[in-house]
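Okay, coords.cif now, which holds mmCIF, C-alpha atoms:
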```cif
data_entry
#
loop_
_atom_site.label_atom_id
_atom_site.label_comp_id
_atom_site.auth_asym_id
_atom_site.auth_seq_id
_atom_site.Cartn_x
_atom_site.Cartn_y
_atom_site.Cartn_z
CA MET O 15 233.21 103.33 57.49
CA ASP O 16 231.30 101.33 54.91
CA VAL O 17 232.97 102.19 51.64
CA ARG O 18 231.66 99.51 49.35
CA GLY O 19 228.70 100.58 47.23
CA GLU O 20 226.70 97.45 46.72
CA GLY O 21 226.98 93.75 46.14
CA MET O 22 225.82 90.89 48.36
CA ASP O 23 228.61 88.42 47.59
CA GLY O 24 231.66 90.48 48.46
CA THR O 25 232.08 92.16 45.08
CA LYS O 26 230.73 95.21 43.37
CA ALA O 27 227.83 94.89 40.96
CA VAL O 28 228.61 93.74 37.43
CA ASP O 29 229.52 97.27 36.42
CA GLY O 30 231.24 98.01 39.71
CA VAL O 31 234.70 99.38 40.16
CA GLU O 32 236.44 96.04 39.99
CA ASP O 33 237.04 96.62 36.27
CA PRO O 34 238.93 99.72 35.18
CA GLY O 35 240.43 100.37 31.80
CA ASP O 36 243.01 102.06 29.65
CA PRO O 37 243.90 105.08 27.53
CA GLY O 38 243.39 104.76 23.81
CA GLY O 39 246.92 104.01 22.72
CA ARG O 40 250.41 103.50 24.16
CA ASP O 41 251.10 107.22 23.87
CA GLY O 42 247.90 108.08 25.71
CA ALA O 43 246.14 109.41 22.61
CA ALA O 44 242.41 108.78 22.54
CA GLY O 45 241.24 106.09 20.19
CA PRO O 46 237.86 105.51 18.56
CA ALA O 47 234.88 104.35 20.53
CA ALA O 48 234.51 100.67 21.20
CA PRO O 49 232.92 99.22 18.05
CA ASP O 50 230.31 97.17 19.89
CA ALA O 51 229.21 99.88 22.32
CA PRO O 52 225.42 100.49 22.22
CA GLU O 53 223.97 103.76 21.11
CA HIS O 54 224.09 106.41 23.85
CA PRO O 55 220.62 106.57 25.45
CA GLY O 56 220.80 110.31 26.24
CA GLY O 57 220.45 112.40 29.36
CA PRO O 58 223.09 114.26 31.38
CA ASP O 59 224.78 111.05 32.45
CA GLY O 60 223.69 108.99 29.46
CA LEU O 61 221.32 106.98 31.67
CA ALA O 62 218.63 109.46 32.73
CA GLY O 63 215.20 107.93 32.81
CA LEU O 64 216.47 104.35 32.67
CA ASP O 65 215.64 101.87 35.40
CA GLU O 66 218.65 100.60 37.36
CA GLU O 67 218.80 97.20 35.68
CA THR O 68 218.79 98.69 32.19
CA ALA O 69 221.42 101.23 33.23
CA ARG O 70 223.56 98.47 34.75
CA LEU O 71 223.43 96.41 31.57
CA TYR O 72 224.23 99.45 29.48
CA ARG O 73 227.27 100.32 31.58
CA ALA O 74 228.43 96.70 31.54
CA LYS O 75 228.25 96.59 27.74
CA VAL O 76 230.13 99.86 27.31
CA TRP O 77 232.89 98.98 29.75
CA GLY O 78 233.00 95.37 28.64
CA GLY O 79 233.45 96.49 25.03
CA ALA O 80 236.41 98.76 25.79
CA ARG O 81 239.50 97.88 23.80
CA ARG O 82 241.96 98.80 26.54
CA LYS O 83 241.51 98.05 30.24
CA LEU O 84 243.56 97.69 33.37
CA TRP O 85 241.99 94.27 33.70
CA GLU O 86 239.50 92.03 31.99
CA SER O 87 236.57 91.47 34.29
CA PRO O 88 234.90 88.05 34.24
CA THR O 89 231.63 89.92 33.70
CA ASP O 90 232.86 91.54 30.48
CA ALA O 91 232.52 88.40 28.36
CA THR O 92 229.34 86.78 27.04
CA LEU O 93 228.10 83.42 28.28
CA ALA O 94 229.26 81.70 25.11
CA GLU O 95 232.70 83.34 25.25
CA ARG O 96 233.29 82.23 28.82
CA LEU O 97 232.14 78.68 28.15
CA ARG O 98 234.29 78.37 25.03
CA ASP O 99 237.29 79.78 26.84
CA LEU O 100 236.94 77.29 29.69
CA ALA O 101 236.37 74.38 27.29
CA ASP O 102 239.48 75.31 25.27
CA TRP O 103 241.61 75.43 28.41
CA THR O 104 240.20 72.08 29.60
CA ASP O 105 240.99 70.44 26.26
CA ALA O 106 244.60 71.58 26.56
CA SER O 107 244.98 70.60 30.22
CA ALA O 108 245.49 67.40 32.16
CA HIS O 109 241.72 67.33 32.82
CA GLN O 110 240.83 66.87 29.15
CA GLY O 111 239.53 63.31 29.58
CA ALA O 112 238.06 63.68 33.05
CA VAL O 113 234.43 62.80 33.69
CA VAL O 114 232.03 65.19 35.40
CA ASP O 115 231.85 65.30 39.19
CA THR O 116 228.99 64.10 41.35
CA TYR O 117 228.42 65.57 44.80
CA GLY O 118 231.99 66.74 45.23
CA ASP O 119 234.09 63.93 43.80
CA GLY O 120 236.33 63.90 40.71
CA VAL O 121 237.66 67.30 39.67
CA VAL O 122 236.33 68.90 42.88
CA GLU O 123 238.50 66.54 44.93
CA VAL O 124 241.46 67.37 42.69
CA LEU O 125 240.93 71.04 43.44
CA GLU O 126 240.63 70.43 47.18
CA ARG O 127 243.94 68.56 47.28
CA ARG O 128 245.61 71.28 45.21
CA VAL O 129 244.42 74.02 47.56
CA ALA O 130 245.41 72.14 50.72
CA ALA O 131 248.92 71.66 49.34
CA ALA O 132 249.22 75.31 48.23
CA LEU O 133 248.15 76.59 51.65
CA GLY O 134 250.16 74.06 53.66
CA HIS O 135 247.15 72.64 55.51
CA PRO O 136 246.25 68.96 55.90
CA ALA O 137 242.90 69.17 54.08
CA ALA O 138 240.50 71.47 52.25
CA VAL O 139 236.83 71.38 51.27
CA PHE O 140 235.13 73.13 48.35
CA PHE O 141 232.16 75.44 49.03
CA PRO O 142 229.86 77.11 46.51
CA THR O 143 230.28 80.48 48.29
CA GLY O 144 232.73 82.10 50.64
CA THR O 145 229.92 83.33 52.86
CA MET O 146 228.93 79.73 53.52
CA ALA O 147 232.53 78.60 54.01
CA GLN O 148 233.24 81.21 56.66
CA GLN O 149 230.01 80.74 58.55
CA VAL O 150 230.72 77.03 58.73
CA ALA O 151 234.33 77.54 59.80
CA LEU O 152 233.43 79.98 62.57
CA ARG O 153 230.61 77.87 63.97
CA CYS O 154 232.85 74.79 63.94
CA TRP O 155 235.51 76.64 65.92
CA ALA O 156 232.88 77.94 68.35
CA GLY O 157 231.87 74.35 69.07
CA ARG O 158 235.48 73.39 69.73
CA THR O 159 236.40 76.39 71.90
CA GLY O 160 233.08 76.56 73.71
CA ASN O 161 232.97 80.31 73.03
CA PRO O 162 230.54 81.72 70.42
CA VAL O 163 232.25 85.14 70.34
CA VAL O 164 234.23 86.03 67.20
CA ALA O 165 236.63 88.97 67.26
CA LEU O 166 236.88 90.66 63.86
CA HIS O 167 237.03 94.06 62.22
CA PRO O 168 233.75 96.01 61.79
CA LEU O 169 234.64 96.37 58.07
CA ALA O 170 235.10 92.62 57.65
CA HIS O 171 232.86 90.88 55.14
CA PRO O 172 230.56 89.12 57.67
CA GLU O 173 229.79 92.46 59.33
CA VAL O 174 229.15 94.47 56.16
CA HIS O 175 227.73 92.09 53.58
CA GLU O 176 226.05 89.06 55.14
CA ASP O 177 222.88 90.44 56.72
CA ASP O 178 223.95 89.46 60.25
CA ALA O 179 224.23 85.82 59.22
CA LEU O 180 226.76 84.97 61.94
CA GLY O 181 224.21 85.88 64.60
CA THR O 182 221.00 84.92 62.85
CA VAL O 183 222.07 81.63 61.27
CA ALA O 184 225.14 80.47 63.19
CA GLY O 185 224.23 81.81 66.63
CA LEU O 186 227.54 83.62 67.00
CA ARG O 187 228.29 87.06 68.39
CA THR O 188 230.97 89.48 67.18
CA VAL O 189 233.25 91.96 68.92
CA HIS O 190 235.70 94.49 67.48
CA PRO O 191 239.22 94.89 68.86
CA THR O 192 239.56 98.08 66.76
CA ASP O 193 237.58 100.24 64.37
CA ALA O 194 240.65 101.90 62.84
CA PRO O 195 240.86 101.31 59.06
CA ARG O 196 243.47 98.55 59.39
CA LEU O 197 243.84 95.15 60.99
CA PRO O 198 244.02 95.12 64.80
CA THR O 199 247.36 95.33 66.54
CA ALA O 200 248.65 92.70 68.95
CA GLN O 201 248.10 95.07 71.87
CA GLU O 202 244.51 95.75 70.82
CA VAL O 203 243.88 92.01 70.76
CA ARG O 204 245.47 91.58 74.20
CA ASP O 205 243.57 94.52 75.67
CA HIS O 206 240.10 93.62 74.42
CA PRO O 207 238.00 93.35 77.57
CA GLU O 208 235.83 90.40 76.57
CA PRO O 209 236.90 86.78 76.02
CA PHE O 210 236.52 85.48 72.45
CA GLY O 211 236.96 82.03 71.00
CA THR O 212 238.11 82.97 67.49
CA LEU O 213 240.01 85.88 66.00
CA MET O 214 239.14 86.38 62.33
CA LEU O 215 241.53 88.44 60.19
CA GLU O 216 240.62 89.53 56.66
CA LEU O 217 243.74 89.56 54.47
CA PRO O 218 243.74 92.05 52.85
CA LEU O 219 241.06 94.18 54.54
CA ARG O 220 239.17 95.18 51.40
CA GLU O 221 236.86 97.87 52.74
CA ALA O 222 239.76 99.81 54.24
CA GLY O 223 241.58 99.88 50.89
CA PHE O 224 242.93 96.33 50.48
CA VAL O 225 245.35 96.99 53.33
CA LEU O 226 247.74 94.47 54.87
CA PRO O 227 249.88 94.50 58.00
CA THR O 228 253.59 93.78 57.86
CA TRP O 229 254.73 90.21 58.41
CA GLN O 230 255.91 91.09 61.92
CA GLU O 231 252.60 92.77 62.75
CA LEU O 232 250.70 89.73 61.48
CA THR O 233 252.75 87.21 63.45
CA ASP O 234 252.45 89.38 66.56
CA VAL O 235 248.66 89.64 66.38
CA VAL O 236 248.35 85.87 65.83
CA ALA O 237 250.56 85.27 68.86
CA ALA O 238 248.44 87.65 70.91
CA ALA O 239 245.30 85.68 70.05
CA ARG O 240 246.99 82.46 71.07
CA GLU O 241 247.96 84.03 74.40
CA ARG O 242 244.23 84.39 74.97
CA ASP O 243 243.61 80.73 74.02
CA ALA O 244 241.73 81.83 70.89
CA VAL O 245 242.00 80.14 67.52
CA VAL O 246 242.79 82.18 64.43
CA HIS O 247 240.86 82.08 61.16
CA PHE O 248 241.93 83.97 58.04
CA ASP O 249 239.38 85.43 55.66
CA GLY O 250 241.76 84.93 52.76
CA ALA O 251 239.36 85.65 49.91
CA ARG O 252 242.27 87.53 48.34
CA LEU O 253 245.08 85.73 50.17
CA TRP O 254 246.58 84.90 46.77
CA GLU O 255 247.69 88.55 46.47
CA CYS O 256 249.43 88.77 49.85
CA PRO O 257 252.92 87.20 49.38
CA THR O 258 254.46 90.28 47.75
CA ARG O 259 253.67 92.62 50.65
CA LEU O 260 254.28 90.04 53.40
CA GLY O 261 257.44 88.61 51.86
CA ARG O 262 256.45 85.00 52.53
CA GLY O 263 254.96 82.15 50.53
CA LEU O 264 251.29 81.26 50.60
CA ASP O 265 251.90 78.21 52.75
CA GLU O 266 253.84 80.15 55.37
CA ILE O 267 251.19 82.89 55.49
CA ALA O 268 248.27 80.45 55.67
CA GLY O 269 250.18 78.32 58.16
CA LEU O 270 249.89 81.05 60.77
CA ALA O 271 246.15 80.41 61.05
CA ASP O 272 244.20 77.42 62.31
CA SER O 273 241.97 77.66 59.23
CA VAL O 274 241.84 79.69 56.04
CA TYR O 275 239.13 80.49 53.52
CA VAL O 276 240.09 81.39 49.95
CA SER O 277 237.98 82.53 47.01
CA PHE O 278 238.39 81.34 43.44
CA TYR O 279 236.74 84.20 41.57
CA LYS O 280 238.57 86.98 43.41
CA SER O 281 242.15 87.32 42.16
CA LEU O 282 242.07 84.05 40.21
CA GLY O 283 239.33 84.93 37.73
CA GLY O 284 237.23 81.85 38.42
CA LEU O 285 233.49 81.47 37.95
CA SER O 286 232.55 81.07 41.61
CA GLY O 287 233.33 78.98 44.64
CA ALA O 288 235.63 78.92 47.62
CA ALA O 289 237.60 76.52 49.79
CA LEU O 290 238.12 76.11 53.51
CA ALA O 291 241.49 74.67 54.53
CA GLY O 292 242.52 73.46 57.97
CA PRO O 293 242.90 70.36 60.14
CA GLU O 294 241.36 67.14 58.82
CA ASP O 295 238.81 66.87 61.63
CA LEU O 296 237.64 70.46 61.10
CA VAL O 297 237.34 69.91 57.35
CA GLU O 298 235.34 66.72 57.84
CA GLU O 299 232.92 68.52 60.16
CA ALA O 300 232.73 71.37 57.66
CA ARG O 301 231.60 68.87 55.01
CA VAL O 302 228.68 67.89 57.23
CA TRP O 303 227.71 71.52 57.77
CA ARG O 304 228.09 72.25 54.06
CA HIS O 305 225.39 69.63 53.42
CA ARG O 306 223.18 71.10 56.14
CA TYR O 307 223.57 74.56 54.63
CA GLY O 308 222.49 73.26 51.21
CA GLY O 309 225.97 73.56 49.70
CA LEU O 310 226.48 69.99 48.53
CA VAL O 311 225.77 70.77 44.88
CA PHE O 312 225.19 67.89 42.44
CA GLN O 313 227.77 68.99 39.86
CA GLN O 314 230.30 71.83 40.12
CA TYR O 315 232.84 71.02 37.43
CA PRO O 316 232.70 74.42 35.65
CA ALA O 317 233.58 76.26 38.86
CA ALA O 318 236.23 73.68 39.80
CA LEU O 319 237.85 73.78 36.37
CA ALA O 320 237.86 77.57 36.33
CA ALA O 321 239.51 77.56 39.76
CA LEU O 322 242.19 75.13 38.59
CA ARG O 323 242.80 77.30 35.55
CA GLY O 324 243.21 80.32 37.83
CA LEU O 325 245.75 78.48 39.97
CA ASP O 326 247.68 77.54 36.83
CA THR O 327 247.53 80.82 34.92
CA GLU O 328 246.69 83.76 37.22
CA LEU O 329 248.36 82.83 40.49
CA PRO O 330 251.91 82.92 39.04
CA ARG O 331 251.24 86.38 37.56
CA LEU O 332 249.88 88.07 40.69
CA PRO O 333 253.30 89.35 41.88
CA ALA O 334 253.69 91.20 38.57
CA TYR O 335 250.20 92.65 38.96
CA VAL O 336 251.02 93.91 42.46
CA ALA O 337 254.28 95.48 41.29
CA HIS O 338 252.59 97.25 38.38
CA ALA O 339 249.71 98.46 40.57
CA ARG O 340 252.29 100.59 42.36
CA VAL O 341 253.34 102.12 39.03
CA VAL O 342 249.70 102.84 38.20
CA ALA O 343 248.99 104.34 41.64
CA ASP O 344 251.99 106.67 41.34
CA ALA O 345 250.89 107.78 37.86
CA VAL O 346 247.32 108.45 39.02
CA ARG O 347 248.62 110.55 41.91
CA GLU O 348 250.99 112.49 39.65
CA ALA O 349 248.27 113.20 37.09
CA LEU O 350 245.77 114.37 39.71
CA THR O 351 248.37 116.67 41.24
CA GLN O 352 249.49 118.11 37.90
CA ALA O 353 245.90 118.67 36.79
CA GLY O 354 245.04 120.63 39.93
CA ALA O 355 242.38 118.19 41.05
CA GLY O 356 242.29 119.73 44.51
CA TRP O 357 241.73 117.31 47.34
CA PHE O 358 242.11 113.67 46.33
CA ARG O 359 243.35 110.43 47.80
CA VAL O 360 245.10 107.40 46.36
CA HIS O 361 244.93 104.78 49.08
CA PRO O 362 247.16 103.12 50.07
CA GLU O 363 249.83 105.44 48.66
CA GLU O 364 251.78 102.31 47.77
CA PRO O 365 249.26 99.52 47.18
CA ASP O 366 249.66 96.42 49.31
CA THR O 367 248.05 94.27 46.60
CA HIS O 368 247.08 94.77 42.96
CA GLN O 369 243.99 96.72 44.05
CA PHE O 370 243.65 100.17 45.61
CA GLN O 371 241.20 103.04 46.07
CA VAL O 372 240.95 106.48 44.46
CA TRP O 373 238.91 109.24 46.12
CA LEU O 374 237.79 112.53 44.50
CA PRO O 375 235.64 115.49 45.70
CA TYR O 376 232.74 115.06 43.28
CA PRO O 377 229.38 113.30 43.43
CA ALA O 378 229.56 109.63 42.54
CA ASP O 379 227.09 109.96 39.65
CA VAL O 380 229.17 112.74 38.05
CA LEU O 381 232.32 110.62 38.20
CA THR O 382 230.55 107.52 36.92
CA ALA O 383 229.09 109.51 34.01
CA ALA O 384 232.55 110.85 33.13
CA ALA O 385 234.03 107.35 33.25
CA LEU O 386 231.27 106.07 30.97
CA ALA O 387 231.69 108.97 28.56
CA GLN O 388 235.44 108.39 28.38
CA THR O 389 234.96 104.77 27.40
CA GLU O 390 232.28 105.61 24.84
CA ALA O 391 234.45 108.27 23.23
CA THR O 392 237.87 106.62 23.37
CA GLY O 393 237.44 102.87 23.85
CA THR O 394 239.34 103.29 27.12
CA ALA O 395 238.14 102.13 30.55
CA LEU O 396 240.33 103.64 33.25
CA PHE O 397 237.74 104.12 35.97
CA ARG O 398 234.35 102.49 36.16
CA ARG O 399 231.59 103.04 38.68
CA TRP O 400 232.10 105.39 41.64
CA PHE O 401 230.42 105.13 45.02
CA THR O 402 229.35 107.41 47.85
CA PRO O 403 230.79 106.41 51.25
CA GLY O 404 228.35 104.95 53.71
CA ALA O 405 227.44 106.35 57.10
CA GLY O 406 230.45 107.92 58.75
CA GLY O 407 232.22 108.65 55.48
CA PRO O 408 233.35 112.16 54.56
CA PRO O 409 230.66 114.22 52.77
CA GLY O 410 231.01 115.48 49.22
CA VAL O 411 233.40 112.80 48.01
CA ALA O 412 233.22 109.52 46.13
CA PHE O 413 235.55 106.57 45.71
CA THR O 414 236.32 103.85 43.23
CA GLU O 415 238.73 100.92 43.11
CA LEU O 416 241.41 100.22 40.56
CA THR O 417 242.71 96.74 39.84
CA VAL O 418 245.69 95.73 37.70
CA THR O 419 245.83 92.36 35.95
CA GLY O 420 247.11 91.10 32.60
CA PRO O 421 245.84 93.87 30.29
CA GLY O 422 247.11 96.50 32.71
CA LEU O 423 250.70 95.33 32.39
CA GLU O 424 250.76 96.98 28.95
CA TRP O 425 249.99 100.39 30.42
CA THR O 426 252.89 102.76 30.95
CA ALA O 427 252.86 105.54 33.52
CA GLN O 428 252.41 107.95 30.60
CA ASP O 429 249.33 106.03 29.46
CA VAL O 430 247.81 106.29 32.92
CA ARG O 431 248.55 110.01 33.27
CA ALA O 432 247.00 110.75 29.88
CA ALA O 433 243.87 108.78 30.72
CA VAL O 434 243.48 110.55 34.08
CA ARG O 435 243.80 113.96 32.42
CA ASP O 436 241.17 113.05 29.84
CA PHE O 437 238.87 111.75 32.61
CA LEU O 438 239.19 114.98 34.63
CA THR O 439 238.40 117.05 31.55
CA ARG O 440 235.13 115.15 31.21
CA VAL O 441 234.37 115.53 34.93
CA ARG O 442 234.81 119.29 34.76
CA ALA O 443 232.71 119.54 31.62
#
```

Taking this structure as input, can you express it in the form of structure tokens?
Amino acid sequence: MDVRGEGMDGTKAVDGVEDPGDPGGRDGAAGPAAPDAPEHPGGPDGLAGLDEETARLYRAKVWGGARRKLWESPTDATLAERLRDLADWTDASAHQGAVVDTYGDGVVEVLERRVAAALGHPAAVFFPTGTMAQQVALRCWAGRTGNPVVALHPLAHPEVHEDDALGTVAGLRTVHPTDAPRLPTAQEVRDHPEPFGTLMLELPLREAGFVLPTWQELTDVVAAARERDAVVHFDGARLWECPTRLGRGLDEIAGLADSVYVSFYKSLGGLSGAALAGPEDLVEEARVWRHRYGGLVFQQYPAALAALRGLDTELPRLPAYVAHARVVADAVREALTQAGAGWFRVHPEEPDTHQFQVWLPYPADVLTAAALAQTEATGTALFRRWFTPGAGGPPGVAFTELTVTGPGLEWTAQDVRAAVRDFLTRVRA
């Protein structure tokens, strides 16, 4: 089931659901509207008659201007604010006197060494996008195994958001050990009828609700792939969030796989960019393919510095975010039950990471309009944009995603319950 709404790079659009918010005060009382919110343009959802780009910018300004949020999205700030913030951090860091990079040297090399050490792999290479990093990794492994077939989940990023790039660009073919909304089991990997050269596992599986297996399940499925003489690659765009659920360190988790891709703007709040970690010979070949794919960018120091900042400041806080996401999920469920919301779903019931889904039986535009109205009226952004499930999804429902980061740690369960009640009042109105 395709449950993402839009976005070609693995995220929602700028006003997508990866940026919720907060009730207007620690006691849940509504506060005044955000002072910099634009004037309401009118219409039943506030956006009637506007083209999509204008509506998107309007929503982004309203939600970005909210005083209280569950997290601060990188898209909430202005260009100048983001540049000043990064410059201030650089001035206070060990990179203060560093010169700019050229074609991947300097601060980019520093980042690569840092990532390789964090993930317990011999080497790592920086890529401008995760899509490019994974295509390169999978085609490199296909050359080594002699098998162009990649086993992965049908909800994995290459299947849903890359316009069939694995087949069209890399000449690979994909198969699916399972279509259940979870990672495949060891037995499903063993029983798959067709040989495959690489097993790709997305940790967590975002489209299914940011779900993770247990540590035992993960080690078993990796062992099953090895029994079939397949290599294992982790789509670890959000691997940074996984240690709490799996009960192991990043290096032990990443060490299960032959190669790992990680993102710097997911979880770590970076500007862009990704890294591929693995054996030295694979990484060196990946550098050649990065150049062939047009990814050897002249200078990338803003992205590299933002990634290093994320490793320094956000990575140590992720366990607290995951723990508090469970508090938030419980409070959302309690509020929806107490308010008589009817059918709803908080998925997973106990989040595996600091992100989870909420489903409600209303049209997506109605829920988005209520979320926007709540922020305009109270300065609170609990929910943001809602989406209609793709083909195969249940009819008459919509979903959103909630994420908890630094600002969300200030929210109590009472705050969350009050914000949910206020949101439902606006939905029903």

Skipping near chain neighbours, those fewer than 3 positions away, what residues fall within 10 Å of Leu381 of chain O using all atoms listed in the file, listed as a short mmCIF file (atom, residue, chain, number, x, y, z; two decimals) with C-alpha atoms, in the frame of the given file?
```
data_model
loop_
_atom_site.label_atom_id
_atom_site.label_comp_id
_atom_site.auth_asym_id
_atom_site.auth_seq_id
_atom_site.Cartn_x
_atom_site.Cartn_y
_atom_site.Cartn_z
CA ASP O 59 224.78 111.05 32.45
CA LEU O 374 237.79 112.53 44.50
CA PRO O 375 235.64 115.49 45.70
CA TYR O 376 232.74 115.06 43.28
CA PRO O 377 229.38 113.30 43.43
CA ALA O 378 229.56 109.63 42.54
CA ALA O 384 232.55 110.85 33.13
CA ALA O 385 234.03 107.35 33.25
CA LEU O 386 231.27 106.07 30.97
CA ALA O 387 231.69 108.97 28.56
CA PHE O 397 237.74 104.12 35.97
CA ARG O 398 234.35 102.49 36.16
CA ARG O 399 231.59 103.04 38.68
CA TRP O 400 232.10 105.39 41.64
CA PHE O 401 230.42 105.13 45.02
CA ALA O 412 233.22 109.52 46.13
CA PHE O 413 235.55 106.57 45.71
CA THR O 414 236.32 103.85 43.23
CA PHE O 437 238.87 111.75 32.61
CA LEU O 438 239.19 114.98 34.63
CA ARG O 440 235.13 115.15 31.21
CA VAL O 441 234.37 115.53 34.93
CA ARG O 442 234.81 119.29 34.76
#
```

Residues matched by the PyMOL selection byres ((chain O and resi 239) around 10) as JSON, numbers by chain
{"O": [165, 200, 201, 203, 204, 210, 211, 212, 213, 214, 234, 235, 236, 237, 238, 240, 241, 242, 243, 244, 245, 246]}

Record the distance separating atom CA of Val360 of chain O and atom CA of Pro330 of chain O, expressed in Å with one decimal.
26.4 Å

For Val139 of chain O, which of O:Ala391, O:Val274, O:Val380, O:Ala268 is the closest residue, counting all atoms listed in the file?
O:Val274

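For the pair atom CA of Gly250 of chain O and atom CA of Glu208 of chain O, the interatomic distance is 25.1 Å.
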
Among the residues O:Leu296, O:Ala194, O:Ala317, O:Leu215, the one that comes closest to Ser277 of chain O [using all atoms listed in the file]
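Among O:Leu296, O:Ala194, O:Ala317, O:Leu215, it is O:Ala317 that comes nearest to Ser277 of chain O.
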